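Quick notes on the structure that follows.
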Amino acid sequence: MKILRFVLMVAACCGLVSLGHAAPLVASNAKVRLVPPVSDSSAAYVTLRNTGAQPMTIVGVSSPVCRKAMMHRANMEAMPRVTVAAHGEMRFAPGGDHIMLMGLRRGLRVGEQVLLLLHLGDGSEMRFNAAVVDMR
Ligand SMILES: [Cu+2]
């Protein structure tokens, strides 16, 4: 048991467990909108697929690239939590629900990878990278 715990701890530290997915949630098509250097906010988009038989709830988002990140509806209304149904899908997409990145700490460059973290209702977190894309 002790050995198993140690192995899990090492795996978690190395990102083997959480990087890219928090099973059963899978991220795809992740991107961040390129904004002019004068803009201090941007948005991130991603499709989240719940491959599991239990609903998964996202209770927060964050990124080292900005001071504050939030889940927003298309009308910029904040969504404090989002539940992805079992075997369901949640799309954060241009013109719709999105992840708002506020207080950017630096300029963004096309092609760079931005780390995003989803904080889940069970206390775990899911990390994935989103490429900066010029979406004009
Ligand atoms: Cu917004």
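Each chain in the structure tokens gets a letter, A, B and so on, in the order shown; residues start at 1 in every chain, and ligands are counted from 1 in the order they appear.
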
Any idea what's packed within 7 Å of segment 53-57 of chain A, counting only C-alpha atoms, ignoring anything in its chain fewer than 6 positions away? Could you give it as an MDAnalysis selection string? chainID A and resid 81:87 120:121

Secondary structure check, strand (DSSP E or B) residues of chain A, as a PyMOL selection string: chain A and resi 19+21-22+25-33+41-50+56-62+66-72+78+82-84+89-92+98-104+113-120+125-133

Neighbouring residues of ligand 1 are defined here as those with any atom at most 6 Å from a ligand atom, counting only C-alpha atoms and all ligand atoms; list them as a ChimeraX atom specification. /A:72,76,100

For segment 124-131 of chain A, find every residue with an atom within 12 Å (counting only C-alpha atoms), except residues of its own chain fewer than 4 positions away, and show them as an NGL selection string. :A and (12 or 15-34 or 43-48 or 56-65 or 99 or 108-120 or 135)

Which residues in chain A does DSSP call alpha helix (DSSP H)? List them as a list in words.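 DSSP on the backbone gives alpha helix (DSSP H) at Lys2, Ile3, Leu4, Arg5, Phe6, Val7, Leu8, Met9, Val10, Ala11, Ala12 and Cys13 of chain A.
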
If you count only C-alpha atoms, the residue of A:Arg91, A:Arg73, A:Arg67, A:Arg49 closest to Arg105 of chain A turns out to be A:Arg67

Tell me, as an mmCIF file with N, CA and C atoms, in the first residue's frame, which residues lie within 6 Å of Leu104 of chain A, counting only C-alpha atoms; anything in the same chain fewer than 6 positions away does not count.
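This is the output file result_39.cif:
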data_model
loop_
_atom_site.group_PDB
_atom_site.id
_atom_site.type_symbol
_atom_site.label_atom_id
_atom_site.label_comp_id
_atom_site.auth_asym_id
_atom_site.auth_seq_id
_atom_site.Cartn_x
_atom_site.Cartn_y
_atom_site.Cartn_z
ATOM 1 N N ASP A 40 -5.539 43.171 -22.238
ATOM 2 C CA ASP A 40 -5.101 42.369 -21.096
ATOM 3 C C ASP A 40 -6.052 41.203 -20.825
ATOM 4 N N SER A 41 -6.926 40.917 -21.797
ATOM 5 C CA SER A 41 -7.735 39.708 -21.622
ATOM 6 C C SER A 41 -7.892 38.959 -22.936
ATOM 7 N N VAL A 65 -0.906 32.090 -17.081
ATOM 8 C CA VAL A 65 -0.755 33.208 -18.006
ATOM 9 C C VAL A 65 -1.577 34.433 -17.584
ATOM 10 N N CYS A 66 -2.527 34.237 -16.678
ATOM 11 C CA CYS A 66 -3.395 35.370 -16.296
ATOM 12 C C CYS A 66 -3.691 35.356 -14.804
#

From atom CA of His98 of chain A to atom CA of Asn75 of chain A the spacing works out at 9.9 Å

Find the distance between atom CA of Pro36 of chain A and atom CA of Met90 of chain A and write it in Å to one decimal.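 Atom-to-atom, atom CA of Pro36 of chain A to atom CA of Met90 of chain A, that is 28.1 Å.
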